[in-house]
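Chemist: This is model14.cif, which holds mmCIF, C-alpha atoms:
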data_model
#
loop_
_atom_site.group_PDB
_atom_site.id
_atom_site.type_symbol
_atom_site.label_atom_id
_atom_site.label_comp_id
_atom_site.auth_asym_id
_atom_site.auth_seq_id
_atom_site.Cartn_x
_atom_site.Cartn_y
_atom_site.Cartn_z
ATOM 1 C CA MET A 1 2.726 -4.324 -12.567
ATOM 2 C CA ARG A 2 -0.116 -2.127 -11.328
ATOM 3 C CA GLY A 3 -0.294 0.186 -8.378
ATOM 4 C CA SER A 4 -3.257 1.188 -6.212
ATOM 5 C CA CYS A 5 -5.707 -1.547 -7.289
ATOM 6 C CA PRO A 6 -5.890 -4.429 -9.782
ATOM 7 C CA CYS A 7 -7.578 -3.761 -13.112
ATOM 8 C CA SER A 8 -8.651 -5.749 -16.139
ATOM 9 C CA SER A 9 -9.589 -4.795 -19.703
ATOM 10 C CA ASP A 10 -8.412 -5.385 -23.238
ATOM 11 C CA ARG A 11 -6.473 -2.123 -23.017
ATOM 12 C CA HIS A 12 -4.579 -3.320 -19.936
ATOM 13 C CA ARG A 13 -3.648 -6.632 -21.515
ATOM 14 C CA ARG A 14 -0.011 -6.164 -22.538
ATOM 15 C CA TYR A 15 1.277 -4.820 -19.233
ATOM 16 C CA GLY A 16 -1.213 -6.662 -17.050
ATOM 17 C CA GLY A 17 -3.521 -5.728 -14.222
ATOM 18 C CA ASN A 18 -2.250 -7.557 -11.133
ATOM 19 C CA THR A 19 -0.683 -5.533 -8.331
ATOM 20 C CA ALA A 20 2.905 -5.694 -7.137
ATOM 21 C CA CYS A 21 4.592 -9.082 -6.953
ATOM 22 C CA VAL A 22 8.097 -9.660 -8.334
ATOM 23 C CA VAL A 23 10.131 -12.866 -8.077
ATOM 24 C CA VAL A 24 13.925 -12.866 -7.796
ATOM 25 C CA GLU A 25 15.466 -16.257 -8.557
ATOM 26 C CA VAL A 26 18.979 -17.128 -7.407
ATOM 27 C CA ASP A 27 20.448 -20.438 -8.568
ATOM 28 C CA GLY A 28 20.152 -23.062 -5.857
ATOM 29 C CA ASP A 29 18.016 -20.933 -3.512
ATOM 30 C CA PRO A 30 14.270 -20.749 -2.795
ATOM 31 C CA PRO A 31 12.555 -17.821 -4.531
ATOM 32 C CA ILE A 32 12.569 -14.332 -3.062
ATOM 33 C CA VAL A 33 9.314 -12.447 -3.616
ATOM 34 C CA LEU A 34 9.058 -8.682 -3.560
ATOM 35 C CA ASP A 35 5.624 -7.603 -2.283
ATOM 36 C CA LEU A 36 2.435 -9.628 -1.920
ATOM 37 C CA GLY A 37 -0.006 -8.058 -4.370
ATOM 38 C CA THR A 38 -2.536 -9.945 -6.463
ATOM 39 C CA GLY A 39 0.267 -11.247 -8.695
ATOM 40 C CA LEU A 40 0.996 -13.643 -5.827
ATOM 41 C CA ARG A 41 -2.020 -15.794 -6.700
ATOM 42 C CA PRO A 42 -0.816 -16.948 -10.158
ATOM 43 C CA LEU A 43 2.694 -17.270 -8.746
ATOM 44 C CA GLY A 44 1.358 -19.763 -6.226
ATOM 45 C CA ASP A 45 -0.107 -21.862 -9.036
ATOM 46 C CA GLU A 46 3.223 -21.807 -10.858
ATOM 47 C CA LEU A 47 5.320 -22.730 -7.820
ATOM 48 C CA SER A 48 3.022 -25.495 -6.586
ATOM 49 C CA GLY A 49 2.271 -27.084 -9.937
ATOM 50 C CA GLY A 50 -1.288 -25.792 -10.183
ATOM 51 C CA SER A 51 -3.062 -28.684 -8.425
ATOM 52 C CA ARG A 52 -5.460 -28.045 -5.560
ATOM 53 C CA GLY A 53 -3.288 -27.287 -2.557
ATOM 54 C CA GLY A 54 -0.264 -27.956 -4.774
ATOM 55 C CA ALA A 55 3.209 -28.798 -3.638
ATOM 56 C CA PRO A 56 4.839 -27.315 -0.518
ATOM 57 C CA VAL A 57 6.799 -24.110 -1.012
ATOM 58 C CA ALA A 58 9.643 -22.540 0.947
ATOM 59 C CA MET A 59 9.861 -18.839 0.187
ATOM 60 C CA THR A 60 11.007 -15.477 1.523
ATOM 61 C CA ALA A 61 8.875 -12.369 0.963
ATOM 62 C CA LEU A 62 10.208 -8.824 1.249
ATOM 63 C CA LEU A 63 7.262 -6.523 1.941
ATOM 64 C CA THR A 64 7.751 -2.815 1.246
ATOM 65 C CA HIS A 65 4.666 -1.613 3.137
ATOM 66 C CA LEU A 66 1.137 -2.606 4.050
ATOM 67 C CA HIS A 67 -1.048 -0.693 1.606
ATOM 68 C CA TRP A 68 -3.714 -3.023 0.240
ATOM 69 C CA ASP A 69 -2.263 -3.347 -3.255
ATOM 70 C CA HIS A 70 0.966 -4.774 -1.807
ATOM 71 C CA LEU A 71 -0.661 -7.204 0.633
ATOM 72 C CA ILE A 72 -3.960 -8.341 -0.848
ATOM 73 C CA GLY A 73 -2.517 -11.408 -2.579
ATOM 74 C CA LEU A 74 -1.361 -13.068 0.646
ATOM 75 C CA PRO A 75 -4.513 -15.058 1.536
ATOM 76 C CA PHE A 76 -4.940 -16.107 -2.128
ATOM 77 C CA PHE A 77 -1.486 -17.738 -2.316
ATOM 78 C CA GLY A 78 -2.429 -21.376 -2.964
ATOM 79 C CA PRO A 79 0.555 -23.048 -1.243
ATOM 80 C CA LEU A 80 -0.612 -21.563 2.069
ATOM 81 C CA GLN A 81 -3.285 -24.276 2.074
ATOM 82 C CA ARG A 82 -0.548 -26.808 2.923
ATOM 83 C CA HIS A 83 0.819 -27.279 6.431
ATOM 84 C CA ASP A 84 4.314 -27.966 5.037
ATOM 85 C CA THR A 85 4.621 -24.647 3.186
ATOM 86 C CA ARG A 86 6.941 -22.153 4.875
ATOM 87 C CA LEU A 87 6.759 -18.419 4.176
ATOM 88 C CA GLU A 88 9.038 -15.903 5.894
ATOM 89 C CA VAL A 89 7.835 -12.299 5.547
ATOM 90 C CA PHE A 90 10.178 -9.369 6.228
ATOM 91 C CA GLY A 91 8.495 -5.964 6.441
ATOM 92 C CA PRO A 92 8.490 -2.556 8.129
ATOM 93 C CA PRO A 93 7.801 -1.968 11.841
ATOM 94 C CA GLN A 94 4.238 -0.930 12.673
ATOM 95 C CA GLY A 95 4.570 1.218 15.757
ATOM 96 C CA ASP A 96 2.966 -0.192 18.877
ATOM 97 C CA ARG A 97 1.724 -3.343 17.120
ATOM 98 C CA SER A 98 3.759 -6.133 15.588
ATOM 99 C CA LEU A 99 3.836 -6.740 11.848
ATOM 100 C CA ARG A 100 1.936 -9.989 12.392
ATOM 101 C CA GLU A 101 -0.764 -8.273 14.420
ATOM 102 C CA VAL A 102 -1.334 -5.607 11.777
ATOM 103 C CA VAL A 103 -1.518 -8.118 8.926
ATOM 104 C CA ASP A 104 -3.870 -10.306 10.945
ATOM 105 C CA SER A 105 -6.100 -7.296 11.632
ATOM 106 C CA VAL A 106 -6.982 -7.025 7.930
ATOM 107 C CA VAL A 107 -6.721 -10.673 6.855
ATOM 108 C CA ARG A 108 -9.635 -11.843 8.992
ATOM 109 C CA PRO A 109 -13.437 -11.697 9.077
ATOM 110 C CA PRO A 110 -15.313 -9.618 8.075
ATOM 111 C CA PHE A 111 -12.706 -8.557 5.482
ATOM 112 C CA PHE A 112 -11.712 -12.151 4.598
ATOM 113 C CA PRO A 113 -13.298 -15.492 5.575
ATOM 114 C CA VAL A 114 -10.338 -16.699 7.672
ATOM 115 C CA SER A 115 -7.499 -15.126 9.620
ATOM 116 C CA VAL A 116 -3.764 -15.510 9.057
ATOM 117 C CA GLU A 117 -3.649 -17.845 12.042
ATOM 118 C CA GLU A 118 -6.176 -20.154 10.376
ATOM 119 C CA LEU A 119 -4.143 -20.616 7.198
ATOM 120 C CA GLU A 120 -2.639 -24.102 7.091
ATOM 121 C CA SER A 121 0.964 -23.092 6.449
ATOM 122 C CA GLN A 122 3.754 -21.792 8.633
ATOM 123 C CA ILE A 123 4.164 -18.027 8.242
ATOM 124 C CA GLY A 124 6.858 -16.086 10.049
ATOM 125 C CA PHE A 125 6.802 -12.286 10.308
ATOM 126 C CA HIS A 126 9.980 -10.281 10.899
ATOM 127 C CA GLU A 127 10.301 -6.514 11.284
ATOM 128 C CA VAL A 128 13.256 -4.882 9.553
ATOM 129 C CA SER A 129 14.428 -1.321 9.022
ATOM 130 C CA ASP A 130 17.742 0.094 7.769
ATOM 131 C CA GLU A 131 19.882 -3.027 7.932
ATOM 132 C CA ALA A 132 21.384 -5.904 5.965
ATOM 133 C CA LEU A 133 20.043 -9.465 5.827
ATOM 134 C CA SER A 134 21.194 -12.774 4.428
ATOM 135 C CA VAL A 135 18.507 -14.648 2.499
ATOM 136 C CA GLY A 136 19.958 -17.897 1.249
ATOM 137 C CA SER A 137 23.107 -16.950 -0.644
ATOM 138 C CA ALA A 138 21.817 -13.438 -1.343
ATOM 139 C CA LYS A 139 22.653 -10.264 0.539
ATOM 140 C CA VAL A 140 19.634 -8.006 1.087
ATOM 141 C CA THR A 141 20.036 -4.343 1.980
ATOM 142 C CA VAL A 142 17.016 -2.610 3.519
ATOM 143 C CA ARG A 143 16.464 1.150 3.491
ATOM 144 C CA SER A 144 13.571 3.467 4.309
ATOM 145 C CA VAL A 145 11.951 5.091 1.262
ATOM 146 C CA PRO A 146 9.857 8.307 1.237
ATOM 147 C CA HIS A 147 6.179 7.356 0.748
ATOM 148 C CA LEU A 148 2.926 7.646 2.718
ATOM 149 C CA GLY A 149 3.518 5.555 5.831
ATOM 150 C CA ASN A 150 6.508 3.460 6.873
ATOM 151 C CA THR A 151 7.891 2.089 3.592
ATOM 152 C CA LEU A 152 10.982 0.103 2.683
ATOM 153 C CA GLY A 153 13.045 -0.472 -0.418
ATOM 154 C CA PHE A 154 15.295 -3.457 -1.009
ATOM 155 C CA ARG A 155 18.542 -4.267 -2.790
ATOM 156 C CA ILE A 156 19.301 -7.912 -3.538
ATOM 157 C CA GLU A 157 22.849 -8.938 -4.439
ATOM 158 C CA ALA A 158 23.731 -12.459 -5.560
ATOM 159 C CA ASP A 159 25.984 -14.141 -8.123
ATOM 160 C CA GLY A 160 27.672 -10.844 -8.923
ATOM 161 C CA ALA A 161 24.447 -9.009 -9.851
ATOM 162 C CA ALA A 162 22.308 -6.458 -8.003
ATOM 163 C CA VAL A 163 18.597 -5.602 -8.193
ATOM 164 C CA ALA A 164 17.038 -2.572 -6.468
ATOM 165 C CA PHE A 165 13.304 -2.553 -5.705
ATOM 166 C CA VAL A 166 11.751 0.841 -4.980
ATOM 167 C CA SER A 167 8.110 0.114 -5.638
ATOM 168 C CA ASP A 168 6.453 3.151 -3.992
ATOM 169 C CA HIS A 169 8.483 6.353 -3.806
ATOM 170 C CA GLN A 170 7.309 9.898 -3.198
ATOM 171 C CA ALA A 171 9.178 12.115 -5.646
ATOM 172 C CA PRO A 172 10.138 15.481 -4.122
ATOM 173 C CA PRO A 173 9.006 18.847 -5.496
ATOM 174 C CA GLY A 174 10.971 19.511 -8.642
ATOM 175 C CA CYS A 175 11.820 15.808 -9.013
ATOM 176 C CA GLN A 176 15.558 16.334 -8.575
ATOM 177 C CA ARG A 177 16.603 15.593 -4.999
ATOM 178 C CA ILE A 178 17.080 11.890 -4.150
ATOM 179 C CA ALA A 179 16.949 10.434 -0.641
ATOM 180 C CA GLN A 180 20.274 9.015 0.476
ATOM 181 C CA GLY A 181 18.763 5.619 1.275
ATOM 182 C CA VAL A 182 17.334 5.338 -2.237
ATOM 183 C CA LEU A 183 20.723 6.173 -3.755
ATOM 184 C CA GLU A 184 22.313 3.469 -1.611
ATOM 185 C CA LEU A 185 19.814 0.888 -2.827
ATOM 186 C CA CYS A 186 20.275 1.796 -6.487
ATOM 187 C CA ASP A 187 24.031 2.427 -6.474
ATOM 188 C CA GLY A 188 25.471 0.687 -9.550
ATOM 189 C CA ALA A 189 22.566 -1.789 -9.653
ATOM 190 C CA ASP A 190 22.175 -3.880 -12.777
ATOM 191 C CA LEU A 191 18.403 -3.387 -12.565
ATOM 192 C CA VAL A 192 16.327 -0.770 -10.754
ATOM 193 C CA ILE A 193 12.601 -1.510 -10.435
ATOM 194 C CA HIS A 194 11.116 1.869 -9.616
ATOM 195 C CA ASP A 195 7.753 3.540 -9.051
ATOM 196 C CA SER A 196 6.674 5.423 -12.193
ATOM 197 C CA GLN A 197 2.957 5.743 -11.591
ATOM 198 C CA TYR A 198 2.417 9.185 -13.119
ATOM 199 C CA SER A 199 3.207 11.151 -16.219
ATOM 200 C CA ASP A 200 4.563 14.650 -15.669
ATOM 201 C CA GLU A 201 1.097 16.014 -16.374
ATOM 202 C CA GLU A 202 -0.549 13.726 -13.801
ATOM 203 C CA PHE A 203 2.116 14.511 -11.205
ATOM 204 C CA ALA A 204 1.265 18.200 -11.431
ATOM 205 C CA SER A 205 -2.032 17.517 -9.645
ATOM 206 C CA LYS A 206 -0.983 14.438 -7.652
ATOM 207 C CA GLY A 207 2.457 15.464 -6.474
ATOM 208 C CA ASP A 208 1.744 14.575 -2.830
ATOM 209 C CA TRP A 209 0.062 11.216 -3.446
ATOM 210 C CA GLY A 210 3.195 9.216 -2.633
ATOM 211 C CA HIS A 211 4.485 8.298 -6.081
ATOM 212 C CA SER A 212 6.900 9.171 -8.868
ATOM 213 C CA THR A 213 6.992 9.912 -12.561
ATOM 214 C CA ALA A 214 8.755 7.848 -15.190
ATOM 215 C CA GLY A 215 11.176 10.736 -15.615
ATOM 216 C CA TYR A 216 12.048 10.695 -11.914
ATOM 217 C CA ALA A 217 12.580 6.919 -12.010
ATOM 218 C CA VAL A 218 15.076 7.438 -14.842
ATOM 219 C CA HIS A 219 16.705 10.303 -12.915
ATOM 220 C CA VAL A 220 17.188 8.109 -9.839
ATOM 221 C CA ALA A 221 18.655 5.228 -11.849
ATOM 222 C CA ALA A 222 20.960 7.487 -13.880
ATOM 223 C CA GLU A 223 22.254 9.382 -10.841
ATOM 224 C CA ALA A 224 22.912 6.089 -9.058
ATOM 225 C CA GLY A 225 24.907 4.740 -11.999
ATOM 226 C CA ALA A 226 22.504 1.857 -12.585
ATOM 227 C CA GLY A 227 22.395 -0.121 -15.803
ATOM 228 C CA MET A 228 18.706 -0.706 -16.478
ATOM 229 C CA VAL A 229 15.423 0.609 -15.109
ATOM 230 C CA ALA A 230 12.032 -1.119 -15.158
ATOM 231 C CA LEU A 231 9.169 1.368 -14.828
ATOM 232 C CA PHE A 232 6.806 -0.074 -12.210
ATOM 233 C CA HIS A 233 3.561 0.513 -10.295
ATOM 234 C CA HIS A 234 1.548 1.618 -13.325
ATOM 235 C CA ASP A 235 -1.562 3.633 -12.546
ATOM 236 C CA PRO A 236 -4.821 1.719 -13.241
ATOM 237 C CA ALA A 237 -5.998 4.695 -15.309
ATOM 238 C CA ASN A 238 -3.017 4.364 -17.647
ATOM 239 C CA LEU A 239 -3.756 2.021 -20.540
ATOM 240 C CA ASP A 240 -1.167 0.058 -22.489
ATOM 241 C CA GLU A 241 -0.735 2.860 -25.021
ATOM 242 C CA ASP A 242 -0.231 5.417 -22.228
ATOM 243 C CA ILE A 243 2.571 3.323 -20.786
ATOM 244 C CA ASP A 244 4.094 2.991 -24.260
ATOM 245 C CA VAL A 245 4.290 6.784 -24.442
ATOM 246 C CA MET A 246 5.952 6.969 -21.007
ATOM 247 C CA VAL A 247 8.604 4.486 -22.097
ATOM 248 C CA GLU A 248 9.252 6.338 -25.360
ATOM 249 C CA ARG A 249 9.627 9.662 -23.554
ATOM 250 C CA ALA A 250 11.937 8.142 -20.950
ATOM 251 C CA ARG A 251 14.177 6.570 -23.595
ATOM 252 C CA ALA A 252 14.334 9.836 -25.530
ATOM 253 C CA SER A 253 15.329 11.903 -22.495
ATOM 254 C CA LYS A 254 18.880 13.095 -21.858
ATOM 255 C CA GLU A 255 19.148 11.047 -18.661
ATOM 256 C CA GLY A 256 17.590 8.051 -20.369
ATOM 257 C CA SER A 257 20.561 7.965 -22.725
ATOM 258 C CA ARG A 258 22.798 7.313 -19.715
ATOM 259 C CA LEU A 259 21.106 3.954 -19.064
ATOM 260 C CA GLU A 260 21.612 0.684 -20.902
ATOM 261 C CA GLU A 261 17.883 0.032 -21.181
ATOM 262 C CA ILE A 262 14.490 1.310 -20.064
ATOM 263 C CA VAL A 263 11.496 -1.031 -20.034
ATOM 264 C CA ALA A 264 8.036 -1.059 -18.514
ATOM 265 C CA ALA A 265 7.347 -3.851 -16.040
ATOM 266 C CA ALA A 266 4.759 -6.305 -17.340
ATOM 267 C CA GLU A 267 3.229 -9.528 -16.121
ATOM 268 C CA GLY A 268 5.363 -12.457 -17.213
ATOM 269 C CA LEU A 269 8.376 -10.296 -18.070
ATOM 270 C CA THR A 270 11.636 -12.109 -17.278
ATOM 271 C CA ILE A 271 14.958 -10.283 -17.059
ATOM 272 C CA GLY A 272 18.183 -12.247 -16.779
ATOM 273 C CA LEU A 273 21.157 -10.504 -15.208
ATOM 274 C CA ARG A 274 24.699 -11.352 -16.133
ATOM 275 C CA ARG A 275 27.388 -12.212 -13.633
ATOM 276 C CA HIS A 276 30.198 -9.657 -13.392
#
Can the structure from this file be put into structure tokens for me?

Modeler:
Amino acid sequence: MRGSCPCSSDRHRRYGGNTACVVVEVDGDPPIVLDLGTGLRPLGDELSGGSRGGAPVAMTALLTHLHWDHLIGLPFFGPLQRHDTRLEVFGPPQGDRSLREVVDSVVRPPFFPVSVEELESQIGFHEVSDEALSVGSAKVTVRSVPHLGNTLGFRIEADGAAVAFVSDHQAPPGCQRIAQGVLELCDGADLVIHDSQYSDEEFASKGDWGHSTAGYAVHVAAEAGAGMVALFHHDPANLDEDIDVMVERARASKEGSRLEEIVAAAEGLTIGLRRH
């Protein structure tokens, strides 16, 4: 899935051009969605059956931060046209304004035709920081993640499996040190979904832009004893073949050999996790 802004071309086809939106499905529970990027629009069609307005949806969204690429899909989520859809959004505190107030300040005219308050559905906003939540039968651990602005990462544990979501992560100089909160999220996870926006060459000139390299994503997952890493938040400038090279380099690295698998996140990719 893309970072920064959506993109579309034949050379972005295999990995896709929509911005961050990942679904975690736990048997018997409503879906948990990680971030509200433009991938949320096709998800709404899938969940509601694709008809105008569709079927009602009950869903929890875990929002890492409020940069446009992680929020822009919200008003395009079709089920929000129904009064009986319920969406609970958990996201980072916003200083002297509530999470709802900040979201409503950008989802409103003149930036969008209607405000959050005018959407038909019921939307609840909840501010979370370093804590643990229960979402259905899943346990969710929340930790702060180094990035530009107040940013969260999430760990979801259910049915004996664990997924860590670190979508936007500022790698430190030297790409070796790892924030304690990030290690806690990724500790022994079956799957780590991690920011890998830049190649090493790109990071040399963009090292303070708030993101990581594929090599640092592998380093984090390996040091945390994780099983699999999905490289995420692909730069719009990186075409499918560029991402292929990143994956090949990551798999060939010494730390990559410590992981069970390394893949690049792509639209429509489904990963099933085994129960332990």

Chemist: Taking (0.7, -22.9, 8.3) in the file's own coordinates, collect the residues within 7 Å, counting all atoms listed in the file, and hand them back as a VMD selection string.

Modeler: chain A and resid 80 82 to 83 85 119 to 123

Chemist: Please dump the current selection as a PDB file, keeping the file's coordinate frame; keep C-alpha atoms.

Modeler:
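The result, written out as part-v3.pdb:
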ATOM      1  CA  LEU A  80      -0.612 -21.563   2.069  1.00  0.00           C
ATOM      2  CA  ARG A  82      -0.548 -26.808   2.923  1.00  0.00           C
ATOM      3  CA  HIS A  83       0.819 -27.279   6.431  1.00  0.00           C
ATOM      4  CA  THR A  85       4.621 -24.647   3.186  1.00  0.00           C
ATOM      5  CA  LEU A 119      -4.143 -20.616   7.198  1.00  0.00           C
ATOM      6  CA  GLU A 120      -2.639 -24.102   7.091  1.00  0.00           C
ATOM      7  CA  SER A 121       0.964 -23.092   6.449  1.00  0.00           C
ATOM      8  CA  GLN A 122       3.754 -21.792   8.633  1.00  0.00           C
ATOM      9  CA  ILE A 123       4.164 -18.027   8.242  1.00  0.00           C
TER      10      ILE A 123
END

Chemist: Expand the PyMOL selection byres ((chain A and resi 241-247) around 8) into the explicit residue set it covers here, and present it as a ChimeraX atom specification.

Modeler: /A:11,199,214,231,234,238-240,248-251,262-264

Chemist: Env of Ile193 of chain A: 8 Å cut, atoms = only C-alpha atoms, seq-sep filter 6 positions within chain, self excluded. Answer as a PyMOL selection string.

Modeler: chain A and resi 163-167+229-232

Chemist: Find the residues around Gly16 of chain A up to 10 Å (only C-alpha atoms counted), leave out those fewer than 2 positions away in its own chain, and share them as number ranges by chain.

Modeler: A: 1-2, 6-14, 18-19, 39, 234, 236, 239-240, 265-268

Chemist: Just so the selection is clear, what residues does the PyMOL selection byres ((chain A and resi 4) around 6) cover here, as a VMD selection string?

Modeler: chain A and resid 3 5 69

Chemist: Let me know the residues the PyMOL selection byres ((chain A and resi 274) around 10) catches in the file above, as a list in words.

Modeler: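 Matching residues under the PyMOL selection byres ((chain A and resi 274) around 10) are Asp159, Gly160, Ala161, Ala162, Asp190, Ile271, Gly272, Leu273, Arg275 and His276 of chain A.
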
Chemist: Let's have the selection written as a PDB file, in the coordinates of the input, with C-alpha atoms.

Modeler:
ATOM      1  CA  ASP A 159      25.984 -14.141  -8.123  1.00  0.00           C
ATOM      2  CA  GLY A 160      27.672 -10.844  -8.923  1.00  0.00           C
ATOM      3  CA  ALA A 161      24.447  -9.009  -9.851  1.00  0.00           C
ATOM      4  CA  ALA A 162      22.308  -6.458  -8.003  1.00  0.00           C
ATOM      5  CA  ASP A 190      22.175  -3.880 -12.777  1.00  0.00           C
ATOM      6  CA  ILE A 271      14.958 -10.283 -17.059  1.00  0.00           C
ATOM      7  CA  GLY A 272      18.183 -12.247 -16.779  1.00  0.00           C
ATOM      8  CA  LEU A 273      21.157 -10.504 -15.208  1.00  0.00           C
ATOM      9  CA  ARG A 275      27.388 -12.212 -13.633  1.00  0.00           C
ATOM     10  CA  HIS A 276      30.198  -9.657 -13.392  1.00  0.00           C
TER      11      HIS A 276
END

Chemist: Leaving out Glu201 of chain A and any residue of its chain fewer than 5 positions from it, which residues lie within 12 Å of it when counting only C-alpha atoms, given as a list in words?

Modeler: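 What passes the distance filter is Lys206, Gly207, Ser212, Thr213, Ala214, Gly215 and Met246 of chain A.
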
Chemist: Please, could N, CA and C atoms be added to segment 54-71 of chain A and the result written as a short mmCIF file (atom, residue, chain, number, x, y, z; two decimals), in the coordinates of the input?

Modeler:
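Saved file rebuild13.cif follows:
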data_model
loop_
_atom_site.label_atom_id
_atom_site.label_comp_id
_atom_site.auth_asym_id
_atom_site.auth_seq_id
_atom_site.Cartn_x
_atom_site.Cartn_y
_atom_site.Cartn_z
N GLY A 54 -1.58 -27.97 -4.16
CA GLY A 54 -0.26 -27.96 -4.77
C GLY A 54 0.82 -28.59 -3.93
N ALA A 55 2.04 -28.29 -4.34
CA ALA A 55 3.21 -28.80 -3.64
C ALA A 55 3.65 -27.80 -2.57
N PRO A 56 4.36 -28.25 -1.54
CA PRO A 56 4.84 -27.32 -0.52
C PRO A 56 5.84 -26.34 -1.11
N VAL A 57 5.91 -25.16 -0.53
CA VAL A 57 6.80 -24.11 -1.01
C VAL A 57 7.56 -23.54 0.17
N ALA A 58 8.85 -23.30 -0.02
CA ALA A 58 9.64 -22.54 0.95
C ALA A 58 10.03 -21.24 0.27
N MET A 59 9.70 -20.11 0.89
CA MET A 59 9.86 -18.84 0.19
C MET A 59 10.07 -17.70 1.18
N THR A 60 10.83 -16.70 0.75
CA THR A 60 11.01 -15.48 1.52
C THR A 60 10.30 -14.34 0.80
N ALA A 61 9.55 -13.53 1.53
CA ALA A 61 8.88 -12.37 0.96
C ALA A 61 9.43 -11.11 1.62
N LEU A 62 9.77 -10.13 0.78
CA LEU A 62 10.21 -8.82 1.25
C LEU A 62 9.07 -7.85 0.98
N LEU A 63 8.47 -7.33 2.03
CA LEU A 63 7.26 -6.52 1.94
C LEU A 63 7.61 -5.05 2.16
N THR A 64 7.37 -4.22 1.14
CA THR A 64 7.75 -2.82 1.25
C THR A 64 6.90 -2.05 2.25
N HIS A 65 5.58 -2.30 2.23
CA HIS A 65 4.67 -1.61 3.14
C HIS A 65 3.32 -2.33 3.08
N LEU A 66 2.36 -1.85 3.86
CA LEU A 66 1.14 -2.61 4.05
C LEU A 66 -0.08 -2.00 3.35
N HIS A 67 0.11 -1.14 2.38
CA HIS A 67 -1.05 -0.69 1.61
C HIS A 67 -1.67 -1.90 0.90
N TRP A 68 -2.98 -1.85 0.72
CA TRP A 68 -3.71 -3.02 0.24
C TRP A 68 -3.12 -3.64 -1.02
N ASP A 69 -2.72 -2.80 -1.98
CA ASP A 69 -2.26 -3.35 -3.26
C ASP A 69 -0.99 -4.17 -3.13
N HIS A 70 -0.28 -4.03 -2.00
CA HIS A 70 0.97 -4.77 -1.81
C HIS A 70 0.79 -5.97 -0.87
N LEU A 71 -0.41 -6.14 -0.35
CA LEU A 71 -0.66 -7.20 0.63
C LEU A 71 -1.81 -8.12 0.25
#
